[in-house]
Amino acid sequence: MPTPPPTKHVYAFGAKGAEGNATMKHLLGGKGANLAEMTAIGLPVPPGFTITTQTCADYLNTDNKLPDGLEADVRKSVATVEAELGRSFGGAKPLLFSVRSGAAASMPGMMDTILNLGLNPNTAEALAAETNNPRFAYDSFRRFITMYSDVVMGVSRKAFEHMFDDLKQRLNITKDSDVPGPALKELCGQLMSLYRDRTGQDFPTDPWKQLLTAIEAVFRSWNNERAIEYRRLNHIAGLYGTGVNVQAMVFGNLNDDSGTGVGFTRDPSNGENAFFCDVLFNAQGEDVVAGIRTPEDIGALKLRQPKTYQQLLDVRQKLERHYKDMQDIEFTIQSSKLFLLQTRNGKRTGRAAIRIALDMTREGITTKDEALMRIDASSLNQLLHPSFDHNAKRTVLTTGLPASPGAAVGKVAFTPDKAVELAGRGMSTILVRLETSPEDIKGMAASVGILTARGGRTSHAAVVARQMGKCCVTGCSDITINEEEKYFEIGSTRVREEDVISLDGTSGDVMLGSVGTIPARLDDDFATIMRWSDELRTLKVRTNADTGPDAAKAREFGAQGIGLCRTEHMFFAEDRINAMREMILAADDQGRRKALDKLKPMQKGDFVDIFKAMDGLPVTIRLLDPPLHEFLPQGRILQKDVARTIGVSVEMITAATERLHEMNPMLGFRGCRLGIVLPEIYDMQVCAIAEAAIEASKAGVKVHCEVMIPLVGTEEELRRLRRRAETLIAGYKDCPPMMIGTMIEVPRAALIADKIASHADFFSFGTNDLTQMTLAVSRDDAEKSFLREYVARGIYPTDPFATIDREGVGQLIDMACKLGRKVNPKLKLGICGEHGGDPSSIGFCHDTGLDYVSCSPYRVPIARLAAAQAVIRAREKR
């Protein structure tokens with residue numbers, strides 16, 4: 001967050017110019033900064049003033065007390081607007097205001113707005129007399145009563161809207177603008193009575209009380225539930241609060257020559273250079289934004305008011321040229337006169353973002369660097385997975401955490417076996433589980449999507465789904481699953497096994513039935529953006545992949561190697577896991593080696609496939625990391641099946657499960673500790689890697705292998721395991737050279753990185769576990785207990801498992817890099833946790849001097865663009 005500004009509460013804009021400008025978004029909010037900017041460049045903007053975001057922060061930090069001097073500043077600013085327009089706030093020629101929110105980051109619809117402020121029975125009558133239009137005056141008054149009741153007093157607007165709907169029904173009228181003035185005047189009296197019934201107070205008639213309480217309400221809306229959730233979902237942090245924009249009203253509902261509209265200067269869906277604009281005549285802005293009435297295309301304005309239409313086209317071009325980006329504008333037309341109420345960089349799809357960026361560069365509006373910075377890197381996800389047709393009908397049952405993007409439609413399966421069965425019958429299936437475990441891997445592989453009631457974005461389901469490129473929605477706490485009866489319920493809706501549902505992995509929506517999808521399509525524009533990114537970035541981008549097909553897919557997306565191959569995932573295959581269980585249950589070294597001998601050729605084959613897919617590129621293979629209990633069957637029925645298959649007693653499996661049980665397995669017998677205590681496990685893996693490298697090399701593949709030893713916390717652990725691995729590799733005469741390094745995921749390892757670096761060729765930061773151990777937070781448990789609340793309250797600025805905690809975890813990474821390279825200047829540095837695909841974290845990796853990031857295959861293009869954007873940001877700081 002920037003340094004707090006001096007205590008100037010109010011910045012004016014009007015005929016005499018503007019005190020702010022577009023660079024002051026942190027202080028004025030996006031809306032306020034752009035109102036000032038539009039005023040400065042000569043566009044028709046109604047006068048007004050912006051109360052700063054810092055004032056909002058001061059208000060919220062002092063138990064909702066308006067700062068000293070604010071009311072005086074507001075009164076002075078209102079007087080300035082009165083003088084400019086020749087009107088009086090609360091007087092016989094009434095001046096009315098809109099009071100609207102506006103934070104530094106665009107949060108459309110998340111905070112509150114009040115229009116037509118300043119109306120009461122007297123000013124409404126005066127406005128009716130002045131305009132000779134009672135319908136307009138009392139239509140504005142009924143809107144104000146409804147909005148004030150909702151926003152300031154927290155009374156649901158539904159009852160107020162029902163009264164208006166009842167009136168139209170009694171009069172047999174469908175259009176709001178056809179309700180006559182006398183009927184609207186009577187309605188306003190009824191609405192004020194409803195206000196008294198619901199609040200126990202008379203509706204405030206003092207305009208100054210209306211204004212000050214409205215300002216407070218907009219301040220408070222910064223912390224409403226939807227605003228908090230929006231900031232969490234969009235990783236918005238480091239802001240003071242919302243600005244409050246108090247602006248003279250102009251009226252789209254004055255007459256049939258008036259109207260209101262919202263427009264995008266280019267098509268936000270596909271990026272086409274066409275004015276994407278809707279307009280409503282004889283209406284106010286809320287009617288368009290809230291969808292109260294169905295608007296008309298901008299062509300209707302061309303027919304009715306060709307001069308205004310042309311003026312709007314000129315504004316469109318001027319704003320694009322000025323801001324060098326597609327704009328989302330709001331405007332009002334009052335008696336054929338155009339006014340601009342807002343402009344901001346428009347939200348757009350990933351495909352539209354690419355087209356707009358390229359077109360604007362071709363048109364000479366932006367440079368290549370500016371074009372790359374206009375694209376939200378995360379939005380590229382939409383291009384790599386199927387997406388739902390925006391025009392398709394959908395019935396949303398609930399919304400969970402969007403854990404892995406894509407669009408999935410399939411029959412519900414509650415068990416992995418059922419998912420495999422349905423897939424075997426040629427049916428798309430969605431695996432629905434309370435939570436997933438490694439035992440579910442075959443069902444996950446067979447499914448087009450995964451839905452879980454528990455778990456977060458870094459849960460097993462999420463990690464594996466992203467690895468597979470599967471759509472996944474996790475943490476749907478509204479779902480009640482009855483696995484025995486084969487159904488789940490959301491409210492009153494019951495969904496049975498083999499019923500069809502649709503999952504939107506981008507939004508987290510869970511929908512009933514089949515929703516039409518659009519397949520992924522990567523075009524020449526996408527390739528151009530990737531080429532521009534690659535020309536600029538210095539960070540290499542690798543992938544996390546455990547199979548040849550995964551590696552090949554990542555390479556298609558531009559991966560420059562594998563930064564993390566999780567060998568444990570190879571053991572969960574149906575034809576291998578029992579051999580792994582035999583090894584765990586073995587009574588001695590000889591028994592373990594016998595079981596491992598069964599696994600070795602399978603591991604070797606996997607490595608050969610991966611080396612071939614990554615021909616000429618580096619491949620980092622992590623030796624076994626998870627605790628052994630994860631491979632043992634859970635539940636009596638499954639234990640009996642496994643015992644019968646491998647020829648042991650159920651009691652032996654139960655005893656092993658109990659023996660290996662740990663209170664905190666994340667800090668238990670796993671990682672390099674397995675390699676120290678049970679060296680035959682790592683021996684088998686190192687030999688399989690070496691033999692695979694030899695076989696692949698003889699087939700003409702250029703092998704660049706890096707062996708990674710996980711969970712190292714002491715120098716001696718790495719020294720011993722490196723020496724043992726080197727001895728084994730040296731026993732193979734034709735083995736290509738291999739690097740040996742470690743995953744830095746234990747805070748102690750970061751603190752003594754200089755000692756560890758003397759035995760390492762590379763460090764790969766495992767930021768998932770490093771974050772857990774540094775923050776003392778379980779990523780699997782925190783999401784369902786306190787993590788969301790911590791982010792909502794600003795204790796954590798963002799989810800630390802989504803974006804690197806720069807102050808804590810980031811310092812450890814930076815320290816480890818400096819210590820390590822001081823001892824070993826050639827030390828290769830990378831990151832392989834989930835943060836490797838997060839644009840903000842990628843920026844941190846660039847700034848820290850890492851050599852590469854590694855992420856799931858479907859996030860590789862995102863990382864390529866984000867790495868280029870990090871270079872541009874670094875240039876701008878210099």
# chains A, B, ... in the order shown; residues from 1 in each chain; ligands from 1
$ residues_around --residues "segment 172-186 of chain A" --least-positions-apart "5" --cutoff "12 Å" --atoms "only C-alpha atoms" --output "tab-separated table (two decimals) with C-alpha atoms, in the first residue's frame"
chain	number	residue	atom	x	y	z
A	120	ASN	CA	-38.18	15.29	-0.57
A	121	PRO	CA	-41.85	16.23	-0.97
A	122	ASN	CA	-40.97	19.92	-1.37
A	124	ALA	CA	-39.97	16.96	-5.81
A	125	GLU	CA	-42.86	19.40	-6.19
A	128	ALA	CA	-42.15	18.99	-11.19
A	129	ALA	CA	-43.10	22.63	-11.50
A	132	ASN	CA	-43.57	20.88	-16.08
A	133	ASN	CA	-43.10	17.14	-15.80
A	134	PRO	CA	-44.54	15.60	-12.61
A	135	ARG	CA	-43.98	12.10	-14.00
A	136	PHE	CA	-40.22	12.71	-14.19
A	137	ALA	CA	-40.00	14.37	-10.76
A	138	TYR	CA	-41.90	11.67	-8.88
A	139	ASP	CA	-40.30	8.85	-10.84
A	140	SER	CA	-36.96	10.19	-9.60
A	141	PHE	CA	-38.31	10.53	-6.06
A	142	ARG	CA	-39.63	6.95	-5.89
A	143	ARG	CA	-36.23	5.71	-7.11
A	161	GLU	CA	-40.29	-2.47	-5.94
A	163	MET	CA	-45.40	-1.59	-4.60
A	164	PHE	CA	-44.32	-0.07	-7.92
A	165	ASP	CA	-45.06	-3.30	-9.77
A	166	ASP	CA	-48.51	-3.49	-8.14
A	167	LEU	CA	-49.22	0.06	-9.26
A	191	LEU	CA	-43.21	4.37	-0.07
A	192	MET	CA	-42.40	6.85	2.71
A	193	SER	CA	-45.03	5.15	4.88
A	252	GLY	CA	-32.07	10.13	-18.55
A	253	ASN	CA	-35.66	9.83	-17.40
A	254	LEU	CA	-36.56	13.46	-18.06
A	255	ASN	CA	-38.38	12.87	-21.35
A	256	ASP	CA	-38.32	10.81	-24.54
A	258	SER	CA	-33.38	11.57	-22.75
A	259	GLY	CA	-31.82	8.22	-22.01
A	280	LEU	CA	-32.46	2.89	-22.80
A	281	PHE	CA	-34.63	5.91	-23.46
A	282	ASN	CA	-36.50	7.70	-20.70
A	283	ALA	CA	-34.62	5.75	-18.04
A	284	GLN	CA	-31.86	6.06	-15.46
A	287	ASP	CA	-32.21	0.32	-15.25
A	292	ILE	CA	-34.50	-3.86	-14.84
A	293	ARG	CA	-35.46	-3.17	-18.44
A	294	THR	CA	-34.24	-4.66	-21.71
$ select_by_dssp --residues "segment 211-362 of chain A" --states "alpha helix (DSSP H)" --output "ChimeraX atom specification"
/A:211-220,225-233,285-289,299-304,306-323,350-362
$ closest_residue --among "A:Ala300, A:Ile577, A:Leu596, A:Ile562" --to "Ile621 of chain A" --atoms "only C-alpha atoms"
A:Ile562
$ closest_atom_pairs --of "segment 154-267 of chain A" --to "segment 271-276 of chain A" --cutoff "7 Å" --atoms "only C-alpha atoms" --output "tab-separated table"
residue	atom	partner	partner_atom	distance
A:Gly263	CA	A:Phe276	CA	5.6
A:Phe264	CA	A:Phe276	CA	5.0
A:Thr265	CA	A:Phe275	CA	5.0
A:Arg266	CA	A:Asn273	CA	5.0
A:Asp267	CA	A:Gly271	CA	4.8
$ closest_residue --among "A:Glu680, A:Arg537, A:His26, A:Ala407" --to "Arg875 of chain A" --atoms "only C-alpha atoms"
A:Arg537
$ residues_around --residues "Asp769 of chain A" --least-positions-apart "5" --cutoff "9 Å" --atoms "only C-alpha atoms" --output "ChimeraX atom specification"
/A:666,745-746,774,778-779,833
$ residues_around --residues "His390 of chain A" --least-positions-apart "4" --cutoff "12 Å" --atoms "only C-alpha atoms" --output "PyMOL selection string"
chain A and resi 269-270+349+394+407+504+515-518
$ select_by_dssp --residues "segment 537-754 of chain A" --states "strand (DSSP E)" --output "MDAnalysis selection string"
chainID A and resid 540:544 562:566 618:622 704:709 738:744
$ closest_atom_pairs --of "segment 549-609 of chain A" --to "segment 622-643 of chain A" --cutoff "7 Å" --atoms "only C-alpha atoms" --output "JSON lines"
{"residue": "A:Leu564", "atom": "CA", "partner": "A:Arg622", "partner_atom": "CA", "distance": 6.5}
{"residue": "A:Cys565", "atom": "CA", "partner": "A:Arg622", "partner_atom": "CA", "distance": 5.8}
{"residue": "A:Arg566", "atom": "CA", "partner": "A:Arg622", "partner_atom": "CA", "distance": 5.6}
{"residue": "A:Thr567", "atom": "CA", "partner": "A:Leu624", "partner_atom": "CA", "distance": 5.9}
{"residue": "A:Glu568", "atom": "CA", "partner": "A:Leu624", "partner_atom": "CA", "distance": 5.6}
{"residue": "A:Arg581", "atom": "CA", "partner": "A:Leu632", "partner_atom": "CA", "distance": 6.3}
$ closest_residue --among "A:Pro519, A:Gly400, A:Gly548, A:Pro618" --to "Asp478 of chain A" --atoms "only C-alpha atoms"
A:Gly400
$ atom_distance --atom1 "atom CA of Ala802 of chain A" --atom2 "atom CA of Arg348 of chain A"
22.5 Å
$ residues_around --residues "Gly449 of chain A" --least-positions-apart "2" --cutoff "6 Å" --atoms "only C-alpha atoms" --output "list of chain:residue names"
A:Ala408, A:Ile430, A:Ser447, A:Lys470, A:Cys471, A:Cys472
$ closest_residue --among "A:Ile51, A:Leu43, A:Met444, A:Val81" --to "Phe331 of chain A" --atoms "only C-alpha atoms"
A:Leu43
$ closest_residue --among "A:Phe786, A:Lys553, A:Phe572, A:Thr803" --to "Pro857 of chain A" --atoms "only C-alpha atoms"
A:Lys553
